[in-house]
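Inspection log for the structure reproduced underneath, given as structure tokens.
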Amino acid sequence: MLAQYVFTSTEGLFRIVRHGHRWRALCGESEVGRFDSPEEAVAGLRDVYAASRLPRRLSDWRFLPAAALGHLAPPSAAALARLAAA
């Protein structure tokens with residue numbers, strides 16, 4: 001899982017997701033834009049979704065740190081062979 005900030009609203013789930021060196025602003029599954037900082041992403045989301053009353057400060061959003069996909073087992077040798085053959 002990538003590092004992200006999350007806020008739920010009546011309009012849907014708003015997320016600001018780290019994407020390499022940039023941050024993606026999302027409403028549900030729709031991308032609103034890509035920004036150089038999470039603060040810029042908050043401002044962009046607030047501009048587009050003014051009626052949603054999104055928090056202005058990033059500290060009011062819930063932060064989910066980056067985490068490995070611990071619930072998934074490593075791929076088996078057979079799965080790696082199928083990927084290599086594709």
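To be explicit about the labels: the chains of the structure tokens are called A, B, and onward in the order shown, and within each one the residues are counted from 1, while ligands get numbers from 1 in the order they are shown.
On the backbone of this structure, DSSP gives helix (DSSP H, G or I) within chain A to Pro38, Glu39, Glu40, Ala41, Val42, Ala43, Gly44, Leu45, Arg46, Asp47, Val48, Ala50, Ala51, Ser52, Leu58, Ser59, Asp60, Ala77, Ala78, Ala79, Leu80, Ala81, Arg82, Leu83, Ala84 and Ala85 of chain A.
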Item to check | Who sits within 10 Å of Ala41 (chain A), only C-alpha atoms, same chain under 2 positions skipped, as a list in words | outcome: Arg15, Ile16, Val17, Arg22, Trp23, Arg24, Ala25, Leu26, Val32, Gly33, Arg34, Phe35, Asp36, Ser37, Pro38, Glu39, Ala43, Gly44, Leu45, Arg46, Asp47 and Leu58 of chain A
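Within 12 Å of Leu64 (chain A), once only C-alpha atoms are used and residues closer than 2 positions along the same chain are dropped, the contacting residues are Met1, Leu2, Ala3, Gln4, Tyr5, Val6, Phe7, Arg15, Ile16, Val17, Arg18, Trp61, Arg62, Ala66 and Ala67 of chain A.
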Since we have the selection now, will you write its residues out, keeping N, CA, C and O atoms, as a PDB file, in the first residue's frame?
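Output file part35.pdb is given in full below:
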ATOM      1  N   MET A   1       0.843  -1.175   0.000  1.00  0.00           N
ATOM      2  CA  MET A   1       0.000   0.000   0.000  1.00  0.00           C
ATOM      3  C   MET A   1       0.888   1.237   0.000  1.00  0.00           C
ATOM      4  O   MET A   1       1.895   1.294   0.686  1.00  0.00           O
ATOM      5  N   LEU A   2       0.504   2.217  -0.766  1.00  0.00           N
ATOM      6  CA  LEU A   2       1.248   3.462  -0.850  1.00  0.00           C
ATOM      7  C   LEU A   2       0.831   4.400   0.278  1.00  0.00           C
ATOM      8  O   LEU A   2      -0.283   4.312   0.790  1.00  0.00           O
ATOM      9  N   ALA A   3       1.734   5.303   0.652  1.00  0.00           N
ATOM     10  CA  ALA A   3       1.404   6.305   1.672  1.00  0.00           C
ATOM     11  C   ALA A   3       0.285   7.189   1.129  1.00  0.00           C
ATOM     12  O   ALA A   3       0.298   7.578  -0.042  1.00  0.00           O
ATOM     13  N   GLN A   4      -0.685   7.493   1.985  1.00  0.00           N
ATOM     14  CA  GLN A   4      -1.795   8.306   1.530  1.00  0.00           C
ATOM     15  C   GLN A   4      -2.502   8.997   2.680  1.00  0.00           C
ATOM     16  O   GLN A   4      -2.421   8.583   3.825  1.00  0.00           O
ATOM     17  N   TYR A   5      -3.170  10.096   2.337  1.00  0.00           N
ATOM     18  CA  TYR A   5      -4.042  10.813   3.257  1.00  0.00           C
ATOM     19  C   TYR A   5      -5.467  10.521   2.821  1.00  0.00           C
ATOM     20  O   TYR A   5      -5.759  10.476   1.623  1.00  0.00           O
ATOM     21  N   VAL A   6      -6.364  10.334   3.789  1.00  0.00           N
ATOM     22  CA  VAL A   6      -7.736   9.926   3.487  1.00  0.00           C
ATOM     23  C   VAL A   6      -8.712  10.811   4.245  1.00  0.00           C
ATOM     24  O   VAL A   6      -8.481  11.164   5.404  1.00  0.00           O
ATOM     25  N   PHE A   7      -9.820  11.161   3.580  1.00  0.00           N
ATOM     26  CA  PHE A   7     -10.911  11.873   4.239  1.00  0.00           C
ATOM     27  C   PHE A   7     -12.220  11.394   3.624  1.00  0.00           C
ATOM     28  O   PHE A   7     -12.352  11.340   2.407  1.00  0.00           O
ATOM     29  N   ARG A  15      -8.833  10.855  -1.407  1.00  0.00           N
ATOM     30  CA  ARG A  15      -7.504  10.348  -1.071  1.00  0.00           C
ATOM     31  C   ARG A  15      -6.443  11.196  -1.758  1.00  0.00           C
ATOM     32  O   ARG A  15      -6.648  11.686  -2.869  1.00  0.00           O
ATOM     33  N   ILE A  16      -5.332  11.337  -1.070  1.00  0.00           N
ATOM     34  CA  ILE A  16      -4.137  11.968  -1.632  1.00  0.00           C
ATOM     35  C   ILE A  16      -3.046  10.918  -1.506  1.00  0.00           C
ATOM     36  O   ILE A  16      -2.611  10.603  -0.404  1.00  0.00           O
ATOM     37  N   VAL A  17      -2.648  10.348  -2.632  1.00  0.00           N
ATOM     38  CA  VAL A  17      -1.790   9.168  -2.656  1.00  0.00           C
ATOM     39  C   VAL A  17      -0.415   9.527  -3.207  1.00  0.00           C
ATOM     40  O   VAL A  17      -0.308  10.176  -4.253  1.00  0.00           O
ATOM     41  N   ARG A  18       0.630   9.092  -2.509  1.00  0.00           N
ATOM     42  CA  ARG A  18       1.997   9.304  -2.999  1.00  0.00           C
ATOM     43  C   ARG A  18       2.204   8.443  -4.241  1.00  0.00           C
ATOM     44  O   ARG A  18       1.919   7.256  -4.249  1.00  0.00           O
ATOM     45  N   TRP A  61      -6.553  15.398   8.004  1.00  0.00           N
ATOM     46  CA  TRP A  61      -6.789  14.209   7.200  1.00  0.00           C
ATOM     47  C   TRP A  61      -6.172  13.017   7.920  1.00  0.00           C
ATOM     48  O   TRP A  61      -5.222  13.161   8.682  1.00  0.00           O
ATOM     49  N   ARG A  62      -6.665  11.824   7.665  1.00  0.00           N
ATOM     50  CA  ARG A  62      -6.088  10.610   8.255  1.00  0.00           C
ATOM     51  C   ARG A  62      -4.921  10.153   7.387  1.00  0.00           C
ATOM     52  O   ARG A  62      -5.076   9.976   6.177  1.00  0.00           O
ATOM     53  N   ALA A  66       2.968   4.113   4.228  1.00  0.00           N
ATOM     54  CA  ALA A  66       3.248   3.060   3.252  1.00  0.00           C
ATOM     55  C   ALA A  66       3.497   1.753   3.995  1.00  0.00           C
ATOM     56  O   ALA A  66       4.118   1.731   5.045  1.00  0.00           O
ATOM     57  N   ALA A  67       2.957   0.683   3.460  1.00  0.00           N
ATOM     58  CA  ALA A  67       3.124  -0.623   4.096  1.00  0.00           C
ATOM     59  C   ALA A  67       3.257  -1.684   3.022  1.00  0.00           C
ATOM     60  O   ALA A  67       2.684  -1.572   1.931  1.00  0.00           O
TER      61      ALA A  67
END
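With only C-alpha atoms as the basis for measurement, A:Ala51 is the residue among A:Ala51, A:Ala81, A:Arg56, A:Phe63 that approaches Thr10 (chain A) most closely.
Each of A:Ala85, A:Ser59, A:Pro75, A:Cys27 was checked against Thr8 (chain A) using only C-alpha atoms; the smallest atom-to-atom distance is that of A:Cys27.
Reported to one decimal place, the separation of CA of Gly12 (chain A) from CA of Leu54 (chain A) is 11.1 Å.
With CA of Ala84 (chain A) on one side and CA of His19 (chain A) on the other, the separation reads 26.6 Å.
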Checklist entry - Interatomic distance between CA of Glu29 (chain A) and CA of Asp60 (chain A)? => result 21.6 Å
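Every residue of chain A with a DSSP assignment of strand (DSSP E or B), taken from the backbone, is listed as Gln4, Tyr5, Val6, Phe7, Thr8, Ser9, Gly12, Leu13, Phe14, Arg15, Ile16, Val17, Arg18, His19, Arg22, Trp23, Arg24, Ala25, Leu26, Cys27, Ser30, Glu31, Val32, Gly33, Arg34, Phe35, Arg62, Phe63 and Leu64 of chain A.
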